[in-house]
>>> print(open('structure-v9.cif').read())   # mmCIF, N, CA and C atoms
data_query
loop_
_atom_site.label_atom_id
_atom_site.label_comp_id
_atom_site.auth_asym_id
_atom_site.auth_seq_id
_atom_site.Cartn_x
_atom_site.Cartn_y
_atom_site.Cartn_z
N MET A 1 104.06 113.20 150.45
CA MET A 1 102.86 112.54 150.94
C MET A 1 101.80 113.61 151.19
N SER A 2 100.60 113.42 150.71
CA SER A 2 99.56 114.42 150.84
C SER A 2 98.85 114.33 152.19
N ASP A 3 98.05 115.36 152.47
CA ASP A 3 97.26 115.37 153.71
C ASP A 3 96.29 114.20 153.77
N VAL A 4 95.83 113.75 152.60
CA VAL A 4 94.86 112.66 152.55
C VAL A 4 95.48 111.35 153.03
N THR A 5 96.74 111.11 152.69
CA THR A 5 97.37 109.84 153.03
C THR A 5 98.12 109.86 154.36
N THR A 6 98.39 111.04 154.90
CA THR A 6 99.12 111.14 156.16
C THR A 6 98.33 110.48 157.28
N GLY A 7 98.94 109.53 157.94
CA GLY A 7 98.29 108.86 159.07
C GLY A 7 97.25 107.83 158.70
N ARG A 8 97.17 107.45 157.45
CA ARG A 8 96.13 106.51 157.00
C ARG A 8 96.22 105.17 157.72
N LYS A 9 97.43 104.63 157.86
CA LYS A 9 97.57 103.34 158.54
C LYS A 9 97.17 103.44 160.00
N ARG A 10 97.54 104.55 160.62
CA ARG A 10 97.18 104.76 162.03
C ARG A 10 95.66 104.88 162.17
N ARG A 11 95.03 105.65 161.29
CA ARG A 11 93.56 105.78 161.33
C ARG A 11 92.90 104.43 161.06
N PHE A 12 93.47 103.66 160.13
CA PHE A 12 92.89 102.34 159.85
C PHE A 12 92.96 101.47 161.10
N LEU A 13 94.07 101.53 161.81
CA LEU A 13 94.21 100.74 163.04
C LEU A 13 93.20 101.18 164.10
N VAL A 14 93.05 102.49 164.30
CA VAL A 14 92.12 102.98 165.32
C VAL A 14 90.69 102.59 164.99
N PHE A 15 90.24 102.93 163.78
CA PHE A 15 88.87 102.60 163.40
C PHE A 15 88.70 101.10 163.19
N GLY A 16 89.78 100.45 162.77
CA GLY A 16 89.74 99.00 162.63
C GLY A 16 89.55 98.30 163.96
N ILE A 17 90.22 98.80 164.98
CA ILE A 17 90.07 98.21 166.32
C ILE A 17 88.62 98.36 166.80
N ILE A 18 88.07 99.55 166.59
CA ILE A 18 86.67 99.77 166.98
C ILE A 18 85.75 98.81 166.23
N ASN A 19 85.93 98.73 164.92
CA ASN A 19 85.10 97.86 164.09
C ASN A 19 85.29 96.39 164.46
N VAL A 20 86.55 95.98 164.66
CA VAL A 20 86.84 94.58 165.00
C VAL A 20 86.25 94.23 166.37
N LEU A 21 86.36 95.14 167.33
CA LEU A 21 85.80 94.85 168.65
C LEU A 21 84.29 94.63 168.58
N ILE A 22 83.61 95.51 167.90
CA ILE A 22 82.15 95.37 167.77
C ILE A 22 81.79 94.13 166.96
N THR A 23 82.44 93.98 165.82
CA THR A 23 82.15 92.84 164.94
C THR A 23 82.49 91.52 165.62
N ASN A 24 83.64 91.46 166.30
CA ASN A 24 84.04 90.22 166.95
C ASN A 24 83.18 89.89 168.16
N LEU A 25 82.68 90.90 168.85
CA LEU A 25 81.74 90.66 169.94
C LEU A 25 80.49 89.98 169.39
N VAL A 26 79.98 90.52 168.29
CA VAL A 26 78.82 89.90 167.63
C VAL A 26 79.16 88.47 167.21
N LEU A 27 80.34 88.27 166.60
CA LEU A 27 80.75 86.95 166.13
C LEU A 27 80.89 85.97 167.29
N GLN A 28 81.56 86.38 168.35
CA GLN A 28 81.78 85.47 169.49
C GLN A 28 80.45 85.03 170.10
N LEU A 29 79.52 85.96 170.25
CA LEU A 29 78.20 85.61 170.79
C LEU A 29 77.43 84.72 169.81
N ALA A 30 77.49 85.08 168.54
CA ALA A 30 76.77 84.31 167.53
C ALA A 30 77.31 82.88 167.41
N LEU A 31 78.64 82.70 167.56
CA LEU A 31 79.21 81.36 167.48
C LEU A 31 78.71 80.45 168.61
N LEU A 32 78.31 81.06 169.71
CA LEU A 32 77.74 80.27 170.81
C LEU A 32 76.31 79.84 170.52
N LEU A 33 75.66 80.53 169.60
CA LEU A 33 74.23 80.31 169.38
C LEU A 33 73.84 79.72 168.03
N MET A 34 74.75 79.76 167.08
CA MET A 34 74.37 79.34 165.72
C MET A 34 75.54 78.74 164.97
N PRO A 35 75.27 78.09 163.84
CA PRO A 35 76.35 77.51 163.01
C PRO A 35 77.31 78.60 162.52
N THR A 36 78.53 78.17 162.20
CA THR A 36 79.58 79.09 161.77
C THR A 36 79.15 79.93 160.57
N LEU A 37 78.51 79.32 159.59
CA LEU A 37 78.09 80.04 158.39
C LEU A 37 77.21 81.23 158.76
N LEU A 38 76.21 81.02 159.59
CA LEU A 38 75.30 82.11 159.97
C LEU A 38 75.98 83.12 160.89
N ALA A 39 76.81 82.63 161.80
CA ALA A 39 77.50 83.53 162.72
C ALA A 39 78.43 84.48 161.97
N THR A 40 79.18 83.95 161.01
CA THR A 40 80.09 84.80 160.24
C THR A 40 79.31 85.75 159.33
N LEU A 41 78.19 85.30 158.79
CA LEU A 41 77.35 86.17 157.95
C LEU A 41 76.81 87.34 158.77
N LEU A 42 76.32 87.05 159.97
CA LEU A 42 75.81 88.11 160.84
C LEU A 42 76.90 89.11 161.19
N SER A 43 78.06 88.62 161.61
CA SER A 43 79.14 89.53 162.00
C SER A 43 79.65 90.32 160.80
N GLN A 44 79.71 89.70 159.63
CA GLN A 44 80.17 90.41 158.44
C GLN A 44 79.17 91.48 158.03
N SER A 45 77.90 91.24 158.25
CA SER A 45 76.88 92.26 157.96
C SER A 45 77.08 93.48 158.86
N VAL A 46 77.35 93.25 160.12
CA VAL A 46 77.64 94.36 161.05
C VAL A 46 78.90 95.08 160.58
N ASN A 47 79.91 94.32 160.18
CA ASN A 47 81.16 94.90 159.70
C ASN A 47 80.93 95.80 158.49
N VAL A 48 80.10 95.36 157.57
CA VAL A 48 79.83 96.15 156.36
C VAL A 48 79.14 97.46 156.71
N LEU A 49 78.14 97.36 157.58
CA LEU A 49 77.40 98.56 157.95
C LEU A 49 78.29 99.61 158.62
N LEU A 50 79.15 99.16 159.50
CA LEU A 50 80.07 100.08 160.17
C LEU A 50 81.24 100.49 159.27
N GLY A 51 81.82 99.52 158.62
CA GLY A 51 83.08 99.72 157.92
C GLY A 51 83.05 100.65 156.73
N PHE A 52 82.04 100.56 155.90
CA PHE A 52 82.02 101.37 154.68
C PHE A 52 82.13 102.86 155.02
N VAL A 53 81.34 103.31 155.96
CA VAL A 53 81.37 104.72 156.33
C VAL A 53 82.63 105.06 157.13
N LEU A 54 82.96 104.23 158.14
CA LEU A 54 84.14 104.52 158.96
C LEU A 54 85.41 104.59 158.12
N TYR A 55 85.63 103.56 157.30
CA TYR A 55 86.86 103.52 156.52
C TYR A 55 86.84 104.52 155.38
N GLY A 56 85.72 104.62 154.68
CA GLY A 56 85.65 105.56 153.57
C GLY A 56 85.83 107.01 153.99
N ARG A 57 85.07 107.41 155.00
CA ARG A 57 85.09 108.81 155.45
C ARG A 57 86.31 109.15 156.31
N PHE A 58 86.61 108.31 157.29
CA PHE A 58 87.59 108.69 158.29
C PHE A 58 88.99 108.14 158.07
N VAL A 59 89.11 107.02 157.38
CA VAL A 59 90.45 106.45 157.13
C VAL A 59 90.98 106.93 155.79
N PHE A 60 90.22 106.69 154.74
CA PHE A 60 90.68 107.06 153.40
C PHE A 60 90.23 108.45 152.99
N ARG A 61 89.43 109.09 153.86
CA ARG A 61 88.98 110.48 153.69
C ARG A 61 88.39 110.77 152.32
N VAL A 62 87.51 109.89 151.90
CA VAL A 62 86.80 110.08 150.64
C VAL A 62 85.73 111.15 150.88
N GLN A 63 85.73 112.16 150.05
CA GLN A 63 84.79 113.27 150.23
C GLN A 63 83.35 112.83 149.98
N ARG A 64 83.17 112.01 148.97
CA ARG A 64 81.83 111.54 148.63
C ARG A 64 81.92 110.05 148.33
N LEU A 65 81.17 109.27 149.08
CA LEU A 65 81.18 107.82 148.85
C LEU A 65 80.31 107.51 147.63
N HIS A 66 80.91 106.84 146.67
CA HIS A 66 80.23 106.55 145.41
C HIS A 66 79.63 105.15 145.41
N GLN A 67 78.65 104.97 144.55
CA GLN A 67 78.00 103.67 144.42
C GLN A 67 79.01 102.61 143.99
N ARG A 68 79.93 102.97 143.13
CA ARG A 68 80.95 102.02 142.67
C ARG A 68 81.80 101.53 143.84
N SER A 69 82.16 102.44 144.75
CA SER A 69 82.91 102.05 145.94
C SER A 69 82.08 101.14 146.83
N ALA A 70 80.79 101.42 146.92
CA ALA A 70 79.90 100.58 147.74
C ALA A 70 79.85 99.16 147.19
N TRP A 71 79.75 99.03 145.89
CA TRP A 71 79.72 97.68 145.28
C TRP A 71 81.05 96.96 145.49
N ARG A 72 82.14 97.67 145.35
CA ARG A 72 83.46 97.07 145.58
C ARG A 72 83.62 96.67 147.05
N TYR A 73 83.10 97.50 147.94
CA TYR A 73 83.18 97.18 149.37
C TYR A 73 82.34 95.94 149.68
N LEU A 74 81.17 95.84 149.07
CA LEU A 74 80.34 94.64 149.26
C LEU A 74 81.04 93.39 148.73
N LEU A 75 81.70 93.52 147.59
CA LEU A 75 82.46 92.38 147.05
C LEU A 75 83.59 92.00 148.00
N LEU A 76 84.31 92.99 148.52
CA LEU A 76 85.36 92.72 149.51
C LEU A 76 84.77 92.04 150.73
N ALA A 77 83.62 92.53 151.19
CA ALA A 77 82.96 91.93 152.36
C ALA A 77 82.62 90.47 152.11
N LEU A 78 82.21 90.15 150.91
CA LEU A 78 81.90 88.76 150.55
C LEU A 78 83.17 87.90 150.62
N VAL A 79 84.26 88.42 150.10
CA VAL A 79 85.54 87.70 150.15
C VAL A 79 85.99 87.50 151.60
N VAL A 80 85.88 88.55 152.40
CA VAL A 80 86.29 88.46 153.81
C VAL A 80 85.38 87.48 154.55
N TRP A 81 84.08 87.54 154.28
CA TRP A 81 83.15 86.62 154.93
C TRP A 81 83.50 85.16 154.60
N CYS A 82 83.72 84.88 153.32
CA CYS A 82 84.08 83.50 152.92
C CYS A 82 85.41 83.08 153.55
N SER A 83 86.36 83.99 153.59
CA SER A 83 87.66 83.70 154.20
C SER A 83 87.51 83.43 155.69
N ASN A 84 86.69 84.22 156.34
CA ASN A 84 86.44 84.06 157.77
C ASN A 84 85.77 82.72 158.05
N TRP A 85 84.73 82.43 157.32
CA TRP A 85 83.99 81.18 157.49
C TRP A 85 84.90 79.97 157.23
N LEU A 86 85.62 80.01 156.12
CA LEU A 86 86.52 78.91 155.77
C LEU A 86 87.65 78.78 156.79
N GLY A 87 88.24 79.92 157.18
CA GLY A 87 89.34 79.89 158.15
C GLY A 87 88.90 79.31 159.49
N ILE A 88 87.74 79.74 159.98
CA ILE A 88 87.23 79.21 161.25
C ILE A 88 86.98 77.71 161.12
N SER A 89 86.38 77.32 160.01
CA SER A 89 86.08 75.90 159.80
C SER A 89 87.35 75.06 159.75
N LEU A 90 88.36 75.53 159.04
CA LEU A 90 89.62 74.78 158.92
C LEU A 90 90.37 74.70 160.25
N ILE A 91 90.48 75.83 160.92
CA ILE A 91 91.23 75.85 162.19
C ILE A 91 90.51 75.05 163.26
N SER A 92 89.19 75.18 163.32
CA SER A 92 88.45 74.41 164.32
C SER A 92 88.44 72.92 163.96
N GLY A 93 88.63 72.62 162.68
CA GLY A 93 88.69 71.23 162.23
C GLY A 93 89.92 70.48 162.74
N VAL A 94 90.94 71.21 163.14
CA VAL A 94 92.14 70.57 163.68
C VAL A 94 92.16 70.59 165.21
N GLY A 95 91.03 70.96 165.81
CA GLY A 95 90.90 70.82 167.25
C GLY A 95 90.77 72.10 168.07
N TYR A 96 90.96 73.27 167.47
CA TYR A 96 90.79 74.51 168.21
C TYR A 96 89.30 74.86 168.29
N SER A 97 88.93 75.63 169.30
CA SER A 97 87.54 76.07 169.38
C SER A 97 87.25 77.06 168.26
N ARG A 98 85.99 77.15 167.87
CA ARG A 98 85.62 78.10 166.82
C ARG A 98 85.89 79.53 167.27
N ASN A 99 85.69 79.80 168.56
CA ASN A 99 85.92 81.15 169.07
C ASN A 99 87.40 81.54 168.98
N LEU A 100 88.29 80.61 169.35
CA LEU A 100 89.72 80.88 169.25
C LEU A 100 90.13 81.00 167.78
N ALA A 101 89.60 80.14 166.94
CA ALA A 101 89.90 80.20 165.51
C ALA A 101 89.52 81.57 164.94
N ALA A 102 88.38 82.08 165.35
CA ALA A 102 87.93 83.39 164.87
C ALA A 102 88.91 84.49 165.27
N LEU A 103 89.44 84.40 166.47
CA LEU A 103 90.41 85.41 166.93
C LEU A 103 91.75 85.27 166.21
N LEU A 104 92.16 84.04 165.91
CA LEU A 104 93.45 83.82 165.28
C LEU A 104 93.55 84.39 163.87
N ILE A 105 92.44 84.44 163.16
CA ILE A 105 92.51 84.91 161.76
C ILE A 105 92.24 86.40 161.60
N VAL A 106 91.99 87.10 162.70
CA VAL A 106 91.73 88.55 162.61
C VAL A 106 92.88 89.31 161.93
N PRO A 107 94.16 89.10 162.30
CA PRO A 107 95.23 89.87 161.66
C PRO A 107 95.31 89.65 160.14
N LEU A 108 95.12 88.44 159.70
CA LEU A 108 95.17 88.15 158.26
C LEU A 108 94.02 88.84 157.54
N LEU A 109 92.83 88.77 158.11
CA LEU A 109 91.68 89.42 157.49
C LEU A 109 91.83 90.94 157.49
N ALA A 110 92.42 91.49 158.54
CA ALA A 110 92.64 92.94 158.60
C ALA A 110 93.61 93.40 157.51
N LEU A 111 94.68 92.64 157.31
CA LEU A 111 95.63 92.98 156.26
C LEU A 111 94.98 92.91 154.88
N LEU A 112 94.27 91.84 154.63
CA LEU A 112 93.54 91.70 153.36
C LEU A 112 92.60 92.87 153.16
N SER A 113 91.85 93.22 154.19
CA SER A 113 90.88 94.30 154.10
C SER A 113 91.55 95.65 153.82
N TYR A 114 92.61 95.95 154.55
CA TYR A 114 93.30 97.23 154.35
C TYR A 114 93.82 97.36 152.92
N LEU A 115 94.52 96.34 152.45
CA LEU A 115 95.10 96.42 151.11
C LEU A 115 94.03 96.53 150.03
N ALA A 116 92.97 95.78 150.17
CA ALA A 116 91.89 95.84 149.18
C ALA A 116 91.19 97.21 149.21
N GLN A 117 90.98 97.75 150.39
CA GLN A 117 90.34 99.06 150.47
C GLN A 117 91.24 100.15 149.89
N LYS A 118 92.52 100.05 150.19
CA LYS A 118 93.47 101.06 149.71
C LYS A 118 93.59 101.04 148.18
N TRP A 119 93.70 99.85 147.62
CA TRP A 119 93.99 99.75 146.19
C TRP A 119 92.77 99.54 145.30
N LEU A 120 91.66 99.04 145.86
CA LEU A 120 90.50 98.73 145.01
C LEU A 120 89.23 99.50 145.36
N VAL A 121 88.93 99.59 146.64
CA VAL A 121 87.64 100.16 147.03
C VAL A 121 87.65 101.68 147.04
N PHE A 122 88.59 102.27 147.76
CA PHE A 122 88.61 103.73 147.92
C PHE A 122 89.76 104.38 147.17
N ALA A 123 90.30 103.71 146.20
CA ALA A 123 91.42 104.26 145.43
C ALA A 123 90.95 105.46 144.60
N GLY A 124 91.70 106.51 144.69
CA GLY A 124 91.38 107.69 143.90
C GLY A 124 91.90 107.52 142.49
N PRO A 125 91.66 108.50 141.66
CA PRO A 125 92.16 108.43 140.28
C PRO A 125 93.68 108.36 140.28
N ARG A 126 94.20 107.55 139.42
CA ARG A 126 95.64 107.38 139.30
C ARG A 126 96.17 108.25 138.17
N ALA A 127 97.34 108.82 138.40
CA ALA A 127 97.94 109.68 137.38
C ALA A 127 98.56 108.87 136.29
#
>>> encode(input="structure-v9.cif", output="structure tokens")
Amino acid sequence: MSDVTTGRKRRFLVFGIINVLITNLVLQLALLLMPTLLATLLSQSVNVLLGFVLYGRFVFRVQRLHQRSAWRYLLLALVVWCSNWLGISLISGVGYSRNLAALLIVPLLALLSYLAQKWLVFAGPRA
């Protein structure tokens, strides 16, 4: 295992917790003030701004963030946003509050995000 990959999951958890706390604070407040579609879009925008640099530089230790990675990260953000919006809508549709629904799907979205970033967004050249 190389120095680049050592501790990657741990770093993802640490920076992920920071990003999730900030993003979810924005989401929880936004859900009180606006429709789910707009609230999730706002929180996902905050997530993208924080996440690309935090995860690229500090988790996956990419020396130089490339435009191709940025486009892939934006595509991932779109998928996560749609998943978040749909998940909140479905869970709240069966009687849970939108705020609780948003918290319940965090682990699933985090797993999706980590795997996509590892294998698609910040993946280095393969031998």
>>> closest_residue(input="structure-v9.cif", among="A:Leu50, A:Val121, A:Ala110, A:Leu38", to="Trp71 (chain A)", atoms="only N, CA and C atoms")
A:Val121
>>> closest_residue(input="structure-v9.cif", among="A:Ile22, A:Ile91, A:Ala116, A:Leu32", to="Leu104 (chain A)", atoms="only C-alpha atoms")
A:Ile91
>>> resolve_selection(input="structure-v9.cif", expression="the PyMOL selection byres ((chain A and resi 60-62) around 8)", output="PyMOL selection string")
chain A and resi 4-5+8+11-12+54-59+63-66+117-118+122-123
>>> atom_distance(input="structure-v9.cif", atom1="CA of Ala101 (chain A)", atom2="CA of Ala70 (chain A)")
28.8 Å
>>> closest_residue(input="structure-v9.cif", among="A:Gln44, A:Tyr96, A:Leu109, A:Gly51", to="Leu78 (chain A)", atoms="only N, CA and C atoms")
A:Gln44
>>> atom_distance(input="structure-v9.cif", atom1="atom N of Leu120 (chain A)", atom2="atom C of Tyr73 (chain A)")
10.5 Å
>>> resolve_selection(input="structure-v9.cif", expression="the PyMOL selection byres ((chain A and resi 40) around 7)", output="ChimeraX atom specification")
/A:27,30-31,35-39,41-45,81,84-85
>>> atom_distance(input="structure-v9.cif", atom1="CA of Trp119 (chain A)", atom2="CA of Arg72 (chain A)")
10.9 Å
>>> closest_residue(input="structure-v9.cif", among="A:Asn99, A:Gln67, A:Ser83, A:Ser92", to="Val26 (chain A)", atoms="only C-alpha atoms")
A:Asn99
>>> closest_residue(input="structure-v9.cif", among="A:Leu75, A:Val53, A:Leu21, A:Cys82", to="Leu103 (chain A)", atoms="only C-alpha atoms")
A:Leu21
>>> decode(input="structure-v9.cif", residues="region 85-118 of chain A", atoms="N, CA and C atoms", output="JSON list (two decimals), in the first residue's frame")
[["chain", "number", "residue", "atom", "x", "y", "z"],
["A", 85, "TRP", "N", -32.57, 14.32, -3.12],
["A", 85, "TRP", "CA", -33.91, 14.88, -3.34],
["A", 85, "TRP", "C", -34.95, 13.76, -3.41],
["A", 86, "LEU", "N", -34.67, 12.74, -4.21],
["A", 86, "LEU", "CA", -35.59, 11.63, -4.36],
["A", 86, "LEU", "C", -35.75, 10.85, -3.05],
["A", 87, "GLY", "N", -34.62, 10.60, -2.37],
["A", 87, "GLY", "CA", -34.68, 9.87, -1.10],
["A", 87, "GLY", "C", -35.49, 10.60, -0.05],
["A", 88, "ILE", "N", -35.27, 11.91, 0.08],
["A", 88, "ILE", "CA", -36.04, 12.70, 1.04],
["A", 88, "ILE", "C", -37.52, 12.66, 0.68],
["A", 89, "SER", "N", -37.81, 12.83, -0.59],
["A", 89, "SER", "CA", -39.21, 12.82, -1.04],
["A", 89, "SER", "C", -39.88, 11.48, -0.76],
["A", 90, "LEU", "N", -39.20, 10.39, -1.04],
["A", 90, "LEU", "CA", -39.78, 9.06, -0.82],
["A", 90, "LEU", "C", -39.96, 8.75, 0.66],
["A", 91, "ILE", "N", -38.94, 9.02, 1.45],
["A", 91, "ILE", "CA", -39.03, 8.72, 2.89],
["A", 91, "ILE", "C", -40.05, 9.60, 3.57],
["A", 92, "SER", "N", -40.09, 10.88, 3.21],
["A", 92, "SER", "CA", -41.08, 11.77, 3.82],
["A", 92, "SER", "C", -42.48, 11.43, 3.33],
["A", 93, "GLY", "N", -42.57, 10.81, 2.15],
["A", 93, "GLY", "CA", -43.86, 10.40, 1.61],
["A", 93, "GLY", "C", -44.54, 9.29, 2.41],
["A", 94, "VAL", "N", -43.76, 8.57, 3.20],
["A", 94, "VAL", "CA", -44.34, 7.52, 4.03],
["A", 94, "VAL", "C", -44.55, 7.98, 5.47],
["A", 95, "GLY", "N", -44.39, 9.28, 5.70],
["A", 95, "GLY", "CA", -44.76, 9.82, 7.00],
["A", 95, "GLY", "C", -43.65, 10.39, 7.86],
["A", 96, "TYR", "N", -42.39, 10.22, 7.48],
["A", 96, "TYR", "CA", -41.30, 10.80, 8.26],
["A", 96, "TYR", "C", -41.13, 12.27, 7.88],
["A", 97, "SER", "N", -40.57, 13.05, 8.78],
["A", 97, "SER", "CA", -40.31, 14.45, 8.46],
["A", 97, "SER", "C", -39.19, 14.52, 7.41],
["A", 98, "ARG", "N", -39.19, 15.60, 6.64],
["A", 98, "ARG", "CA", -38.14, 15.77, 5.63],
["A", 98, "ARG", "C", -36.77, 15.88, 6.30],
["A", 99, "ASN", "N", -36.72, 16.50, 7.47],
["A", 99, "ASN", "CA", -35.45, 16.65, 8.16],
["A", 99, "ASN", "C", -34.89, 15.30, 8.61],
["A", 100, "LEU", "N", -35.75, 14.44, 9.15],
["A", 100, "LEU", "CA", -35.31, 13.10, 9.55],
["A", 100, "LEU", "C", -34.92, 12.28, 8.32],
["A", 101, "ALA", "N", -35.71, 12.39, 7.27],
["A", 101, "ALA", "CA", -35.40, 11.67, 6.03],
["A", 101, "ALA", "C", -34.02, 12.06, 5.51],
["A", 102, "ALA", "N", -33.70, 13.34, 5.58],
["A", 102, "ALA", "CA", -32.39, 13.82, 5.12],
["A", 102, "ALA", "C", -31.27, 13.19, 5.93],
["A", 103, "LEU", "N", -31.47, 13.05, 7.22],
["A", 103, "LEU", "CA", -30.44, 12.44, 8.07],
["A", 103, "LEU", "C", -30.31, 10.94, 7.82],
["A", 104, "LEU", "N", -31.43, 10.27, 7.54],
["A", 104, "LEU", "CA", -31.41, 8.83, 7.36],
["A", 104, "LEU", "C", -30.63, 8.39, 6.12],
["A", 105, "ILE", "N", -30.60, 9.22, 5.10],
["A", 105, "ILE", "CA", -29.92, 8.79, 3.86],
["A", 105, "ILE", "C", -28.46, 9.22, 3.78],
["A", 106, "VAL", "N", -27.97, 9.91, 4.80],
["A", 106, "VAL", "CA", -26.56, 10.34, 4.79],
["A", 106, "VAL", "C", -25.59, 9.18, 4.60],
["A", 107, "PRO", "N", -25.70, 8.06, 5.35],
["A", 107, "PRO", "CA", -24.73, 6.98, 5.18],
["A", 107, "PRO", "C", -24.70, 6.40, 3.75],
["A", 108, "LEU", "N", -25.86, 6.24, 3.15],
["A", 108, "LEU", "CA", -25.92, 5.71, 1.79],
["A", 108, "LEU", "C", -25.26, 6.67, 0.80],
["A", 109, "LEU", "N", -25.55, 7.95, 0.94],
["A", 109, "LEU", "CA", -24.95, 8.94, 0.05],
["A", 109, "LEU", "C", -23.44, 9.04, 0.26],
["A", 110, "ALA", "N", -22.98, 8.89, 1.50],
["A", 110, "ALA", "CA", -21.55, 8.93, 1.78],
["A", 110, "ALA", "C", -20.83, 7.75, 1.13],
["A", 111, "LEU", "N", -21.41, 6.57, 1.21],
["A", 111, "LEU", "CA", -20.82, 5.40, 0.57],
["A", 111, "LEU", "C", -20.76, 5.57, -0.95],
["A", 112, "LEU", "N", -21.85, 6.00, -1.53],
["A", 112, "LEU", "CA", -21.89, 6.27, -2.98],
["A", 112, "LEU", "C", -20.81, 7.27, -3.35],
["A", 113, "SER", "N", -20.70, 8.34, -2.59],
["A", 113, "SER", "CA", -19.73, 9.40, -2.88],
["A", 113, "SER", "C", -18.30, 8.88, -2.78],
["A", 114, "TYR", "N", -17.99, 8.17, -1.72],
["A", 114, "TYR", "CA", -16.62, 7.66, -1.55],
["A", 114, "TYR", "C", -16.22, 6.74, -2.70],
["A", 115, "LEU", "N", -17.07, 5.79, -3.02],
["A", 115, "LEU", "CA", -16.73, 4.83, -4.08],
["A", 115, "LEU", "C", -16.58, 5.52, -5.44],
["A", 116, "ALA", "N", -17.46, 6.45, -5.73],
["A", 116, "ALA", "CA", -17.37, 7.16, -7.01],
["A", 116, "ALA", "C", -16.12, 8.04, -7.07],
["A", 117, "GLN", "N", -15.78, 8.69, -5.96],
["A", 117, "GLN", "CA", -14.58, 9.51, -5.96],
["A", 117, "GLN", "C", -13.32, 8.66, -6.10],
["A", 118, "LYS", "N", -13.32, 7.53, -5.41],
["A", 118, "LYS", "CA", -12.15, 6.65, -5.44],
["A", 118, "LYS", "C", -11.92, 6.06, -6.84]]
